[in-house]
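Novice: The structure that follows is given in the form of structure tokens.
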Amino acid sequence: MADDPNRAVPRHMAIVMDGNGRWAKKRFMPRFFGHKAGMDTVLRVVDLCAERGVEYLTVFAFSSENWKRPADEVSGLMSLVLVGVAKYLQRLADAGVRIRVIGDRETIPDKLKAAWDQAESSTANNSRITLTVAFNYGGRWDMVQACRRAMNDGLKPEQVDEKTFDRYTALAYAPEVDLFIRTGGEVRISNFLLWQIAYAELVFTDCLWPDFGAQQIDEAIASFAKRDRRFGGIRETSPAAAAVDS
Ligand code: FPP
């Protein structure tokens with residue numbers, strides 16, 4: 001499924017944007033202040049990624065589990081999206097960014113659904129970079145919804161293989177994730193893309209999301225470029241190394 005394993009720049013980068021709350025706390029500010037700064041970081045990062053040749057950037061903005069946060073933080077995040085779409089959509093559209101949103105849209109407020117629909121439709125013809133916002137998303141939800149839709153289409157068990165299943169997942173339009181980054185110091189996936197990161201290279205950084213920028217992107221890409229991606233195969237350049245490698 002992955003195209004050129006030797007490419008130096010990932011085609012598809014996925015980010016868990018963690019650390020907004022701690023970033024705000026360090027400044028004696030409410031958590032929302034961190035999320036607001038985090039939104040500005042998304043705008044900066046999408047541009048930096050496009051400049052470096054990344055074609056798909058997928059960010060985890062609100063997880064299926066984030067509903068467990070205090071009600072005012074949840075509604076704050078929802079309002080941030082509404083304000084963000086109103087304020088930044090034109091700028092993203094003019095910069096050639098295509099916006100796509102993945103996640104369960106059944107259980108989000110109607111206003112938000114409308115904002116996401118507008119963001120998607122008004123950037124549908126853009127192709128410089130695709131920014132996918134994972135909102136009310138969970139990796140397990142994604143696999144379940146894929147199964148349900150496949151069954152709904154009447155697929156027989158023997159018709160379901162990895163390729164077919166992939167077509168029902170939320171990121172079916174994108175190539176596999178090459179580079180997965182998590183900011184904020186935690187070393188876990190937190191139910192973000194599960195199916196799609198099977199062979200992704202993983203980078204974990206202590207940098208808090210609002211501080212994430214060109215330096216951290218370049219470090220992550222440099223680290224990615226040094227990795228030897230074998231997708232379960234063996235190294236072709238060094239038979240001796242391949243023999244001891246599994
Ligand atoms: C995790 O930090 C961050 C989130 C749950 C929200 C991420 C949202 C944004 C960056 C803004 C919205 C962006 C878009 C594209 C709609 P945390 O709150 O868990 O931080 P902490 O670990 O320091 O508490």
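Starting from 1 in every chain, residues are counted up; chains themselves are A, B, ... following the order of the structure tokens, and ligands are numbered from 1 as listed.
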At a cut-off of 12 Å, using only C-alpha atoms, what residues contact Ile108 in chain A? Leave out same-chain residues fewer than 2 positions from it and give the result as a list in words.
Specialist: Phe62, Ser63, Ser64, Trp67, Val74, Ser75, Leu77, Met78, Ser79, Val81, Gly103, Asp104, Arg105, Glu106, Asp110, Lys111, Leu112, Lys113, Ala114, Ala115, Trp116, Phe135, Asn136 and Tyr137 of chain A
Novice: Could you report the residues within 7 Å of ligand 1, using only C-alpha atoms and all ligand atoms, as a list in words?
Specialist: Met17, Asp18, Gly19, Asn20, Gly21, Arg22, Trp23, Arg31, His35, Lys36, Gly38, Met39, Val42, Val59, Phe60, Ala61, Phe62, Asn66, Leu77, Leu80, Val81, Val133 and Gly184 of chain A
Novice: To test your reading of the structure, identify every residue in range 93-152 of chain A that backbone DSSP assigns to alpha helix (DSSP H), and report it as a list in words.
Specialist: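 Put together, the selection reads Ala93, Asp94, Asp110, Lys111, Leu112, Lys113, Ala114, Ala115, Trp116, Asp117, Gln118, Ala119, Glu120, Ser121, Ser122, Gly139, Arg140, Trp141, Asp142, Met143, Val144, Gln145, Ala146, Cys147, Arg148, Arg149, Ala150, Met151 and Asn152 of chain A.
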Novice: What's the separation between CA of Trp209 in chain A and CA of Thr41 in chain A, in Å to one decimal place?
Specialist: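 Going from CA of Trp209 in chain A over to CA of Thr41 in chain A covers 7.3 Å.
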Novice: When you count only C-alpha atoms, which of these residues is closest to Trp141 in chain A: A:Asn191, A:Pro109, A:Gly154, A:Ala71?
Specialist: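 Among A:Asn191, A:Pro109, A:Gly154, A:Ala71, it is A:Asn191 that comes nearest to Trp141 in chain A.
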Novice: Counting only C-alpha atoms, which of A:Thr183, A:Gln118, A:Gln145, A:Ser223 gets nearest to Phe165 in chain A?
Specialist: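 That would be A:Gln145, the residue with the smallest distance to Phe165 in chain A.
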Novice: List as a Markdown table every residue of range 21-82 of chain A that is in contact with range 167-177 of chain A, defined as an atom at most 12 Å from one of its atoms (using only C-alpha atoms), together with the nearest atom pair and the distance in Å rounded to one decimal, sorted by chain and then rising number.
Specialist:
| residue | atom | partner | partner_atom | distance |
| --- | --- | --- | --- | --- |
| A:Val54 | CA | A:Val177 | CA | 11.1 |
| A:Glu55 | CA | A:Ala174 | CA | 9.2 |
| A:Tyr56 | CA | A:Ala174 | CA | 7.2 |
| A:Leu57 | CA | A:Val177 | CA | 9.1 |
| A:Thr58 | CA | A:Val177 | CA | 8.8 |
| A:Val59 | CA | A:Val177 | CA | 11.6 |
Novice: Quick check, in Å to one decimal: how far apart do CA of Phe180 in chain A and CA of Ile234 in chain A lie?
Specialist: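 Atom-to-atom, CA of Phe180 in chain A and CA of Ile234 in chain A are spaced 22.2 Å apart.
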Novice: Figure out the distance between CA of Ala225 in chain A and CA of Ala8 in chain A, please, to one decimal in Å.
Specialist: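 Distance between the two atoms: 4.6 Å.
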Novice: From a DSSP pass on the backbone, collect the residues of range 25-230 of chain A flagged as strand (DSSP E or B) and hand them back as a ChimeraX atom specification.
Specialist: /A:56-63,97-102,129-137,179-182,201-204
Novice: Which residues, written as a short mmCIF file (atom, residue, chain, number, x, y, z; two decimals) with N, CA, C and O atoms, in the first residue's frame, have at least one atom at most 12 Å from Ala198 in chain A, with only C-alpha atoms counted and residues fewer than 5 positions away on the same chain left out?
Specialist:
data_model
loop_
_atom_site.label_atom_id
_atom_site.label_comp_id
_atom_site.auth_asym_id
_atom_site.auth_seq_id
_atom_site.Cartn_x
_atom_site.Cartn_y
_atom_site.Cartn_z
N MET A 1 0.82 -1.20 0.00
CA MET A 1 0.00 0.00 0.00
C MET A 1 0.86 1.26 0.00
O MET A 1 0.55 2.23 -0.66
N ALA A 2 2.00 1.24 0.75
CA ALA A 2 2.86 2.42 0.75
C ALA A 2 3.59 2.47 -0.58
O ALA A 2 3.98 1.43 -1.11
N GLY A 139 -9.84 5.58 16.68
CA GLY A 139 -9.39 4.52 15.77
C GLY A 139 -10.31 3.30 15.82
O GLY A 139 -10.59 2.67 14.79
N GLU A 162 -7.84 -6.95 3.18
CA GLU A 162 -7.31 -5.69 3.71
C GLU A 162 -7.61 -4.51 2.80
O GLU A 162 -7.95 -3.42 3.24
N GLU A 176 -1.33 5.60 3.05
CA GLU A 176 -1.05 5.22 4.45
C GLU A 176 -0.23 6.27 5.16
O GLU A 176 0.58 6.96 4.53
N VAL A 177 -0.38 6.35 6.46
CA VAL A 177 0.40 7.33 7.22
C VAL A 177 1.87 6.89 7.22
O VAL A 177 2.20 5.74 7.51
N ASP A 178 2.76 7.82 6.85
CA ASP A 178 4.20 7.52 6.86
C ASP A 178 4.83 7.89 8.20
O ASP A 178 5.70 7.20 8.70
N LEU A 179 4.40 9.04 8.72
CA LEU A 179 5.05 9.56 9.93
C LEU A 179 3.97 9.99 10.93
O LEU A 179 3.10 10.80 10.62
N PHE A 180 4.06 9.41 12.12
CA PHE A 180 3.12 9.72 13.20
C PHE A 180 3.89 10.49 14.26
O PHE A 180 4.95 10.04 14.73
N ILE A 189 -0.60 6.08 21.65
CA ILE A 189 -1.36 6.37 20.43
C ILE A 189 -2.73 6.98 20.77
O ILE A 189 -3.30 7.71 19.96
N PHE A 192 -5.89 7.07 18.32
CA PHE A 192 -5.91 7.87 17.07
C PHE A 192 -5.94 6.84 15.93
O PHE A 192 -6.50 5.77 16.07
N LEU A 193 -5.33 7.10 14.84
CA LEU A 193 -5.40 6.20 13.70
C LEU A 193 -4.76 4.86 14.10
O LEU A 193 -3.61 4.84 14.49
N ARG A 229 12.81 1.70 6.26
CA ARG A 229 11.45 1.15 6.26
C ARG A 229 11.41 -0.14 5.45
O ARG A 229 11.65 -0.15 4.26
N PHE A 231 8.73 -2.60 5.92
CA PHE A 231 7.36 -3.12 5.78
C PHE A 231 7.31 -4.64 5.96
O PHE A 231 6.63 -5.34 5.21
N GLY A 232 8.08 -5.13 6.91
CA GLY A 232 8.06 -6.57 7.18
C GLY A 232 9.01 -7.35 6.31
O GLY A 232 9.20 -8.56 6.50
#
Novice: Between A:Leu194, A:Leu155, A:Leu89, A:Val97, which is the closest to Ala124 in chain A once you count only C-alpha atoms?
Specialist: A:Val97
Novice: Using only C-alpha atoms, which of the listed residues (A:Arg11, A:Asn125, A:Cys207, A:Leu48) sits closest to Gly185 in chain A?
Specialist: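 Among A:Arg11, A:Asn125, A:Cys207, A:Leu48, it is A:Cys207 that comes nearest to Gly185 in chain A.
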Novice: Which one of A:Val160, A:Phe224, A:Asp153, A:Ala93 sits closest to Thr130 in chain A if you count only C-alpha atoms?
Specialist: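 Smallest distance to Thr130 in chain A is found for A:Ala93.
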